[in-house]
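Content type mmCIF, C-alpha atoms, from the file run-v2.cif:
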```cif
data_entry
#
loop_
_atom_site.label_atom_id
_atom_site.label_comp_id
_atom_site.auth_asym_id
_atom_site.auth_seq_id
_atom_site.Cartn_x
_atom_site.Cartn_y
_atom_site.Cartn_z
CA MET A 997 228.87 35.71 8.16
CA SER A 998 226.68 38.42 6.64
CA ARG A 999 223.01 38.62 7.51
CA VAL A 1000 220.60 39.12 4.60
CA LEU A 1001 216.84 39.62 4.76
CA VAL A 1002 214.83 37.95 1.98
CA ALA A 1003 211.21 39.07 1.70
CA ARG A 1004 208.35 37.15 0.07
CA LEU A 1005 205.13 38.40 1.61
CA ASP A 1006 202.34 36.39 -0.05
CA SER A 1007 201.28 32.74 -0.30
CA ALA A 1008 202.94 29.44 0.58
CA GLY A 1009 203.31 28.53 -3.08
CA ASP A 1010 205.07 31.80 -3.86
CA VAL A 1011 207.45 31.27 -0.94
CA LEU A 1012 208.26 27.75 -2.17
CA LEU A 1013 209.01 29.19 -5.62
CA ALA A 1014 211.49 31.56 -3.97
CA GLY A 1015 213.47 28.58 -2.66
CA PRO A 1016 216.19 28.48 -5.35
CA ALA A 1017 216.81 32.23 -4.92
CA VAL A 1018 217.05 31.76 -1.15
CA ARG A 1019 219.68 29.04 -1.64
CA ALA A 1020 221.64 31.31 -3.97
CA ILE A 1021 221.60 34.11 -1.38
CA ALA A 1022 222.52 31.74 1.45
CA ALA A 1023 225.53 30.51 -0.56
CA GLY A 1024 226.93 34.05 -0.58
CA ASP A 1025 228.98 35.96 -3.12
CA GLY A 1026 232.30 34.11 -2.77
CA ALA A 1027 233.34 35.74 0.50
CA GLY A 1028 231.45 33.15 2.54
CA PRO A 1029 227.89 32.07 3.18
CA ASN A 1030 225.12 34.38 4.33
CA GLU A 1031 222.69 33.98 7.20
CA VAL A 1032 219.27 34.33 5.58
CA LEU A 1033 216.39 35.78 7.56
CA MET A 1034 213.10 35.41 5.72
CA LEU A 1035 210.20 37.82 5.98
CA CYS A 1036 206.89 36.14 5.12
CA GLY A 1037 203.20 36.86 5.35
CA PRO A 1038 200.87 34.71 7.48
CA GLN A 1039 200.03 32.43 4.53
CA GLY A 1040 203.64 31.83 3.59
CA ALA A 1041 205.45 31.51 6.90
CA ALA A 1042 205.09 27.72 7.20
CA ALA A 1043 206.61 27.34 3.73
CA GLY A 1044 209.50 29.60 4.70
CA GLN A 1045 210.27 27.26 7.59
CA LEU A 1046 210.73 24.42 5.08
CA LEU A 1047 213.24 26.15 2.81
CA PRO A 1048 216.89 25.06 2.90
CA GLY A 1049 219.15 27.99 3.72
CA VAL A 1050 216.71 29.89 5.95
CA ALA A 1051 217.96 30.56 9.48
CA GLU A 1052 214.89 32.40 10.80
CA VAL A 1053 211.38 33.27 9.58
CA PHE A 1054 209.53 36.38 10.73
CA THR A 1055 205.82 36.64 10.04
CA TRP A 1056 204.27 40.02 9.27
CA ALA A 1057 200.98 40.83 7.52
CA SER A 1058 201.71 43.36 4.79
CA PRO A 1059 198.90 45.92 4.28
CA TRP A 1060 199.59 46.02 0.50
CA ILE A 1061 199.70 42.23 0.00
CA VAL A 1062 197.43 40.44 2.48
CA ASP A 1063 193.71 40.15 1.68
CA PRO A 1064 191.86 41.29 3.74
CA ALA A 1065 194.49 43.90 4.49
CA PRO A 1066 195.33 44.85 8.08
CA PRO A 1067 195.00 48.56 8.88
CA VAL A 1068 198.09 50.71 8.55
CA SER A 1069 199.01 51.89 12.02
CA ASP A 1070 202.11 53.00 13.89
CA GLU A 1071 201.85 49.91 16.04
CA HIS A 1072 201.65 47.49 13.12
CA LEU A 1073 204.57 49.09 11.27
CA ALA A 1074 206.63 49.25 14.46
CA VAL A 1075 206.46 45.46 14.83
CA LEU A 1076 208.36 45.06 11.57
CA LEU A 1077 210.76 47.97 12.13
CA ASP A 1078 211.68 46.79 15.63
CA TRP A 1079 212.36 43.25 14.43
CA VAL A 1080 214.58 44.38 11.53
CA ARG A 1081 216.54 46.69 13.82
CA SER A 1082 216.92 43.98 16.46
CA ARG A 1083 218.50 41.67 13.89
CA SER A 1084 220.95 44.33 12.64
CA VAL A 1085 219.97 43.65 9.04
CA THR A 1086 222.14 45.58 6.59
CA GLU A 1087 221.01 44.04 3.26
CA ALA A 1088 217.58 43.04 1.94
CA ILE A 1089 216.34 41.39 -1.25
CA ILE A 1090 212.66 41.85 -1.97
CA LEU A 1091 211.08 39.13 -4.10
CA THR A 1092 207.84 40.06 -5.84
CA SER A 1093 205.58 38.92 -8.67
CA PHE A 1094 204.77 41.10 -11.68
CA HIS A 1095 201.73 42.71 -10.04
CA GLN A 1096 203.47 43.65 -6.78
CA SER A 1097 205.68 46.60 -5.90
CA PRO A 1098 208.75 46.30 -3.66
CA LEU A 1099 208.70 50.01 -2.87
CA PRO A 1100 206.44 50.13 0.23
CA LEU A 1101 208.59 47.51 1.96
CA ALA A 1102 211.78 49.19 0.75
CA MET A 1103 210.63 52.43 2.40
CA LEU A 1104 210.08 50.66 5.72
CA LEU A 1105 213.39 48.84 5.52
CA ARG A 1106 215.20 52.14 4.89
CA LEU A 1107 213.58 53.54 8.03
CA ALA A 1108 214.80 50.45 9.90
CA GLY A 1109 218.38 51.15 8.80
CA VAL A 1110 218.87 48.63 5.97
CA ARG A 1111 221.68 50.01 3.82
CA ARG A 1112 221.44 47.90 0.63
CA ILE A 1113 218.13 46.86 -0.94
CA THR A 1114 217.49 45.00 -4.22
CA GLY A 1115 214.15 44.61 -6.00
CA ALA A 1116 212.33 44.65 -9.31
CA SER A 1117 210.11 47.66 -9.97
CA VAL A 1118 208.37 49.14 -13.01
CA ASP A 1119 208.09 52.41 -11.06
CA TYR A 1120 210.90 54.86 -10.45
CA ALA A 1121 212.52 53.78 -7.19
CA GLY A 1122 214.65 56.80 -6.36
CA SER A 1123 216.70 56.14 -3.27
CA LEU A 1124 214.52 53.24 -2.11
CA LEU A 1125 216.38 50.60 -4.11
CA ASP A 1126 220.14 50.36 -4.53
CA VAL A 1127 219.76 47.68 -7.20
CA ARG A 1128 216.65 48.02 -9.37
CA LEU A 1129 215.65 45.66 -12.15
CA LYS A 1130 213.09 46.91 -14.66
CA PRO A 1131 210.59 44.14 -15.47
CA GLY A 1132 210.12 43.77 -19.21
CA GLU A 1133 213.48 45.46 -19.85
CA ASP A 1134 216.08 43.79 -17.62
CA PHE A 1135 214.27 40.45 -17.74
CA PRO A 1136 211.17 39.03 -19.46
CA GLU A 1137 207.98 38.75 -17.47
CA ASP A 1138 206.94 35.48 -19.13
CA GLN A 1139 209.30 33.13 -17.34
CA PRO A 1140 208.84 30.71 -14.43
CA GLU A 1141 208.37 32.54 -11.14
CA ALA A 1142 211.32 30.68 -9.60
CA GLU A 1143 213.57 32.05 -12.34
CA ARG A 1144 212.25 35.58 -11.85
CA ALA A 1145 213.33 35.34 -8.20
CA LEU A 1146 216.73 34.00 -9.24
CA ARG A 1147 217.15 37.00 -11.58
CA ILE A 1148 216.55 39.37 -8.67
CA ALA A 1149 219.00 37.46 -6.47
CA SER A 1150 221.57 37.50 -9.28
CA ALA A 1151 221.26 41.28 -9.61
CA ALA A 1152 222.16 41.50 -5.92
CA GLY A 1153 225.28 39.43 -6.63
CA TYR A 1154 224.11 35.95 -5.64
CA ARG A 1155 223.97 32.85 -7.84
CA LEU A 1156 223.32 29.19 -7.23
CA PRO A 1157 226.46 27.27 -6.30
CA ASP A 1158 227.90 24.63 -8.60
CA GLY A 1159 225.91 21.43 -8.41
CA ASP A 1160 222.62 23.11 -7.50
CA ASP A 1161 220.20 22.44 -10.38
CA GLY A 1162 217.73 25.12 -9.30
CA ARG A 1163 214.83 22.79 -8.52
CA LEU A 1164 212.42 23.56 -5.71
CA ARG A 1165 213.38 21.88 -2.44
CA VAL A 1166 212.17 21.53 1.13
CA ARG A 1167 213.95 20.12 4.16
CA ASP A 1168 213.11 17.68 6.94
CA VAL A 1169 210.36 15.91 5.00
CA PRO A 1170 208.79 13.15 7.09
CA ASP A 1171 208.31 9.64 5.75
CA ALA A 1172 204.67 8.87 4.96
CA GLY A 1173 205.37 5.73 2.98
CA ASP A 1174 203.31 3.49 5.24
CA LEU A 1175 199.94 5.06 4.36
CA PHE A 1176 199.00 2.04 2.27
CA GLY A 1177 201.37 -0.47 3.75
CA GLY A 1178 204.16 0.67 1.44
CA ARG A 1179 202.04 0.26 -1.70
CA PRO A 1180 202.02 3.05 -4.34
CA TYR A 1181 199.35 5.72 -4.14
CA VAL A 1182 198.10 8.88 -5.84
CA ALA A 1183 197.40 12.07 -3.87
CA VAL A 1184 194.46 14.32 -4.72
CA HIS A 1185 194.31 17.83 -3.25
CA PRO A 1186 190.95 19.38 -4.24
CA GLY A 1187 191.07 22.67 -2.35
CA ALA A 1188 192.19 26.07 -3.58
CA ALA A 1189 192.42 29.39 -1.75
CA VAL A 1190 191.08 31.16 -4.86
CA PRO A 1191 187.72 29.80 -6.11
CA ALA A 1192 188.54 30.62 -9.76
CA ARG A 1193 191.36 28.05 -9.61
CA ALA A 1194 189.29 25.15 -8.25
CA TRP A 1195 188.07 22.12 -10.22
CA PRO A 1196 184.49 21.26 -9.11
CA PRO A 1197 184.28 18.96 -6.05
CA LEU A 1198 182.09 16.37 -7.78
CA HIS A 1199 184.57 16.20 -10.67
CA HIS A 1200 187.24 15.40 -8.09
CA ALA A 1201 185.01 12.77 -6.51
CA ALA A 1202 184.36 11.14 -9.86
CA ALA A 1203 188.07 11.13 -10.67
CA VAL A 1204 188.81 9.44 -7.34
CA GLU A 1205 186.21 6.74 -8.07
CA LEU A 1206 187.74 6.14 -11.49
CA LEU A 1207 191.28 6.05 -10.10
CA VAL A 1208 190.26 3.45 -7.51
CA ALA A 1209 188.47 1.43 -10.19
CA ALA A 1210 191.67 1.57 -12.26
CA GLY A 1211 193.60 -0.01 -9.39
CA PHE A 1212 195.13 3.06 -7.74
CA ASN A 1213 195.28 3.66 -4.00
CA VAL A 1214 194.18 7.27 -3.42
CA VAL A 1215 194.72 9.69 -0.55
CA VAL A 1216 192.82 12.99 -0.40
CA THR A 1217 194.45 15.92 1.39
CA GLY A 1218 193.24 19.29 2.60
CA GLY A 1219 193.38 21.80 5.41
CA PRO A 1220 191.32 21.89 8.62
CA LYS A 1221 188.66 24.07 6.98
CA GLU A 1222 188.36 21.66 4.04
CA ARG A 1223 187.23 18.52 5.89
CA GLY A 1224 183.79 18.60 4.28
CA LEU A 1225 185.36 18.92 0.84
CA THR A 1226 187.87 16.13 1.35
CA ALA A 1227 185.19 13.80 2.75
CA THR A 1228 183.06 14.39 -0.35
CA VAL A 1229 185.99 13.80 -2.69
CA ALA A 1230 187.38 10.76 -0.86
CA GLY A 1231 184.05 8.93 -0.71
CA PRO A 1232 184.11 5.41 0.75
CA ASP A 1233 187.21 4.14 -1.05
CA ALA A 1234 189.96 6.75 -0.69
CA LEU A 1235 191.91 7.67 2.45
CA ASP A 1236 190.69 11.04 3.74
CA LEU A 1237 193.46 13.09 5.40
CA GLY A 1238 191.55 16.38 5.42
CA GLY A 1239 192.80 18.49 8.33
CA GLU A 1240 195.23 15.79 9.46
CA THR A 1241 198.53 17.30 8.30
CA ASP A 1242 200.43 20.54 8.63
CA LEU A 1243 202.49 21.76 5.66
CA ARG A 1244 205.50 19.64 6.62
CA GLY A 1245 203.31 16.56 7.02
CA LEU A 1246 201.66 17.28 3.69
CA ALA A 1247 205.12 17.39 2.11
CA GLY A 1248 205.68 13.85 3.38
CA VAL A 1249 202.38 12.63 1.94
CA LEU A 1250 203.09 14.22 -1.44
CA ALA A 1251 206.68 12.93 -1.46
CA GLY A 1252 205.42 9.37 -1.11
CA ALA A 1253 202.88 9.68 -3.94
CA SER A 1254 203.40 8.45 -7.47
CA ALA A 1255 201.55 11.53 -8.74
CA VAL A 1256 199.58 14.46 -7.34
CA VAL A 1257 196.32 15.87 -8.72
CA THR A 1258 195.74 19.50 -7.77
CA GLY A 1259 195.01 22.99 -9.06
CA ASN A 1260 197.23 26.05 -9.23
CA THR A 1261 197.74 26.22 -5.49
CA GLY A 1262 200.46 25.79 -2.90
CA PRO A 1263 200.45 21.97 -2.81
CA ALA A 1264 201.28 21.91 -6.54
CA HIS A 1265 204.55 23.68 -5.74
CA LEU A 1266 205.06 21.55 -2.63
CA ALA A 1267 204.75 18.46 -4.83
CA ALA A 1268 207.36 19.92 -7.18
CA ALA A 1269 209.63 20.62 -4.21
CA VAL A 1270 209.57 16.92 -3.24
CA GLY A 1271 209.98 15.81 -6.86
CA THR A 1272 206.52 14.31 -7.42
CA PRO A 1273 204.86 14.58 -10.88
CA VAL A 1274 201.74 16.76 -10.99
CA VAL A 1275 198.46 16.66 -12.86
CA SER A 1276 197.87 20.40 -12.83
CA LEU A 1277 194.27 21.56 -13.22
CA PHE A 1278 195.36 25.04 -14.16
CA SER A 1279 192.95 27.95 -14.55
CA PRO A 1280 194.37 30.55 -16.99
CA VAL A 1281 193.49 33.53 -14.77
CA VAL A 1282 197.29 33.70 -14.38
CA PRO A 1283 199.81 32.43 -16.96
CA ALA A 1284 200.96 28.83 -16.67
CA VAL A 1285 204.40 29.74 -18.00
CA ARG A 1286 204.95 31.58 -14.73
CA TRP A 1287 203.15 29.45 -12.16
CA ALA A 1288 202.90 25.87 -13.42
CA PRO A 1289 204.74 23.29 -11.25
CA TYR A 1290 208.45 23.83 -11.78
CA LYS A 1291 210.98 21.29 -13.07
CA VAL A 1292 208.91 18.15 -12.51
CA PRO A 1293 206.87 16.14 -15.04
CA VAL A 1294 203.53 17.94 -15.50
CA GLU A 1295 200.25 17.19 -17.22
CA LEU A 1296 198.67 20.62 -17.70
CA LEU A 1297 194.88 20.43 -18.01
CA GLY A 1298 192.40 23.26 -18.50
CA ASP A 1299 191.63 25.61 -21.38
CA GLN A 1300 194.53 28.06 -21.34
CA ASN A 1301 192.81 30.29 -23.91
CA ALA A 1302 189.48 30.62 -22.07
CA ALA A 1303 187.75 33.98 -21.72
CA CYS A 1304 189.07 34.39 -18.17
CA ARG A 1305 192.67 34.27 -19.43
CA LEU A 1306 195.05 36.61 -17.57
CA SER A 1307 192.16 38.25 -15.69
CA ARG A 1308 193.67 37.48 -12.24
CA ALA A 1309 190.07 36.90 -11.14
CA ARG A 1310 189.50 35.33 -7.74
CA GLU A 1311 185.91 34.41 -8.62
CA CYS A 1312 185.37 32.98 -12.09
CA PRO A 1313 184.01 35.74 -14.38
CA VAL A 1314 182.59 33.25 -16.90
CA PRO A 1315 179.31 31.40 -16.14
CA GLY A 1316 179.89 27.71 -15.53
CA HIS A 1317 183.66 28.04 -14.97
CA PRO A 1318 184.32 26.32 -18.33
CA CYS A 1319 188.13 26.59 -18.29
CA LEU A 1320 188.21 23.85 -15.63
CA ALA A 1321 184.67 22.47 -15.42
CA ASP A 1322 184.99 21.20 -19.00
CA VAL A 1323 187.90 18.96 -18.00
CA ALA A 1324 186.41 15.47 -17.64
CA PRO A 1325 187.39 13.17 -14.76
CA GLU A 1326 188.46 10.60 -17.36
CA GLU A 1327 191.04 13.08 -18.65
CA VAL A 1328 192.54 13.36 -15.18
CA VAL A 1329 192.76 9.59 -14.81
CA ALA A 1330 194.46 9.31 -18.19
CA ALA A 1331 196.93 12.01 -17.17
CA VAL A 1332 197.73 10.18 -13.94
CA GLN A 1333 198.31 6.98 -15.88
CA ARG A 1334 200.70 8.73 -18.25
CA LEU A 1335 202.69 10.24 -15.39
CA CYS A 1336 202.83 6.98 -13.49
CA LEU A 1337 204.16 5.30 -16.62
CA GLY A 1338 206.78 8.03 -16.91
CA VAL A 1339 205.27 9.44 -20.11
CA ALA A 1340 204.89 13.21 -19.82
CA SER A 1341 202.66 15.20 -22.11
CA LEU A 1342 204.04 17.65 -24.68
CA PRO A 1343 203.30 20.68 -22.45
CA ALA A 1344 205.14 18.96 -19.60
CA ARG A 1345 208.20 18.32 -21.73
CA ARG A 1346 208.18 21.93 -22.91
CA GLU A 1347 207.85 23.14 -19.32
CA MET A 1348 210.80 21.04 -18.21
CA ARG A 1349 213.00 22.24 -21.08
CA ASN A 1350 212.18 25.86 -20.31
CA GLY A 1351 212.98 25.21 -16.66
#
```
Could you take the file, read its structure, and then write that structure out as structure tokens?
Amino acid sequence: MSRVLVARLDSAGDVLLAGPAVRAIAAGDGAGPNEVLMLCGPQGAAAGQLLPGVAEVFTWASPWIVDPAPPVSDEHLAVLLDWVRSRSVTEAIILTSFHQSPLPLAMLLRLAGVRRITGASVDYAGSLLDVRLKPGEDFPEDQPEAERALRIASAAGYRLPDGDDGRLRVRDVPDAGDLFGGRPYVAVHPGAAVPARAWPPLHHAAAVELLVAAGFNVVVTGGPKERGLTATVAGPDALDLGGETDLRGLAGVLAGASAVVTGNTGPAHLAAAVGTPVVSLFSPVVPAVRWAPYKVPVELLGDQNAACRLSRARECPVPGHPCLADVAPEEVVAAVQRLCLGVASLPARREMRNG
């Protein structure tokens, strides 16, 4: 069995979107399966642990990806080099988004003795990459991020096996079906790591009130640092699970939901990985065609032509955050009702066809 390193150094959502490519690489090239070792950043390591086909996850904070960036030092680089050498890695596939370069990592992997490296780079790669795809030439940039990763894996010689439909997946999902005594519920995840992608907390709270009034059971989820937010959003009538679940536990909660309401953040992709429809409150600071929830029914809300479009802003550059703040709670409730009735919006149908 060959050992292949797959690198995705940024967020949990990005790692989840790499899942189909990881499965393709794990399946091998016809000579037998591969043992996949996954290199993740601190924000993505827990997601890497959930991916089918991953044998081991190593966590390393990349100075050109992580924000705030760790200092570049001999000691910090040696941690990565020593681990790669200890695992006798001979091949690596570097998965990146359009704004990231694989070349710094490729340089380090060469120093660690990796003989074959594949990546996508707009810059001349010289001897750093054995297989180089040129974004915008060898593949279009405006495609779902999961498919971009599959293109990179395919260039290395790996494709999904027959019967694998390319959807996002996670493994070992716990059963959370008893949250409301087995009754259906909707999950609302109000937090976002990037403020420009967050719907206002009081909008969330109003949507929860309206959902409860419409007869829905509602659970509100969030991380340990979001307990104040989830308490505000849940109010007296929803179940507040802020800080109560790790990523695997959150997968169980989302898997049991009839629909999930969230922004462009990791839980949107986790919901897609467990097959749950998503009401996506999507800020256009990045393109929805690349990062909307993949291959599940989606209701895409938010002004995709707002002034912040494609700015990649972390803080909203437009006063009042109109791309999302102008979405009314009633619109979210209506979107939930459509998804729960199995009626996807036109954007959702288009997204699924493109997937």
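Shell of stretch 1299-1308 of chain A at 9 Å, with all atoms listed in the file counted and residues fewer than 5 places along the chain excluded, is Ala1192, Phe1278, Ser1279, Pro1280, Val1281, Val1282, Pro1283, Ala1284, Pro1313, Val1314, His1317, Pro1318, Cys1319, Leu1320, Asp1322 and Val1323 of chain A.
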* **Residues near A:His1185, cut-off 8 Å, all atoms listed in the file, skip fewer than 5 positions along chain, as a PyMOL selection string** => chain A and resi 1216-1218+1256-1259+1263
* Asked: Quick one: of A:His1265, A:Arg1083, A:Arg1111, A:Arg1179, who's nearest to A:Ala1142, counting only C-alpha atoms?
  -> A:His1265
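Separating atom CA of A:Val1002 from atom CA of A:Met1034 is a distance of 4.8 Å.
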* **Explicit residues for the PyMOL selection byres ((chain A and resi 1155-1171) around 10) (as a count of residues only)** => 59
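Running the PyMOL selection byres ((chain A and resi 1332) around 10) on this file leaves Val1182, Leu1207, Phe1212, Ser1254, Ala1255, Val1256, Val1257, Pro1273, Val1274, Val1275, Val1294, Glu1295, Glu1326, Glu1327, Val1328, Val1329, Ala1330, Ala1331, Gln1333, Arg1334, Leu1335, Cys1336, Leu1337, Gly1338, Val1339 and Ala1340 of chain A selected.
Straight-line separation from atom CA of A:Pro1038 to atom CA of A:Thr1055: 5.9 Å.
Among A:Ala1074, A:Asp1006, A:Val1085, A:Ser1093, the residue with the shortest atom-to-atom distance to A:Trp1060, counting all atoms listed in the file, is A:Asp1006.
Coordinates place atom CA of A:Leu1005 at a distance of 6.8 Å from atom CA of A:Ser1058.
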* Test item: the PyMOL selection byres ((chain A and resi 1220) around 12) resolved as a VMD selection string -> chain A and resid 1187 1217 to 1219 1221 to 1227 1236 to 1243
Keeping C-alpha atoms, export the residues of the selection given above as a compact mmCIF listing (two decimals), in the coordinates of the input.
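Contents of the output file out-v1.txt:
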```
# COMPACT_ATOMS: atom_id res chain seq x y z
CA GLY A 1187 191.07 22.67 -2.35
CA THR A 1217 194.45 15.92 1.39
CA GLY A 1218 193.24 19.29 2.60
CA GLY A 1219 193.38 21.80 5.41
CA LYS A 1221 188.66 24.07 6.98
CA GLU A 1222 188.36 21.66 4.04
CA ARG A 1223 187.23 18.52 5.89
CA GLY A 1224 183.79 18.60 4.28
CA LEU A 1225 185.36 18.92 0.84
CA THR A 1226 187.87 16.13 1.35
CA ALA A 1227 185.19 13.80 2.75
CA ASP A 1236 190.69 11.04 3.74
CA LEU A 1237 193.46 13.09 5.40
CA GLY A 1238 191.55 16.38 5.42
CA GLY A 1239 192.80 18.49 8.33
CA GLU A 1240 195.23 15.79 9.46
CA THR A 1241 198.53 17.30 8.30
CA ASP A 1242 200.43 20.54 8.63
CA LEU A 1243 202.49 21.76 5.66
```
* Please provide the set of residues having any atom within 12 Å of stretch 1063-1073 of chain A, restricted to all atoms listed in the file, with same-chain residues fewer than 5 positions apart removed, written as a PyMOL selection string. => chain A and resi 1005-1007+1037-1039+1056-1058+1078-1080+1100-1101+1103-1105+1107-1108+1189-1190+1310
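With all atoms listed in the file as the atoms that count, the residue of A:Ala1188, A:Ile1090, A:Ala1288, A:Leu1077 with the shortest distance to A:Arg1106 is A:Leu1077.
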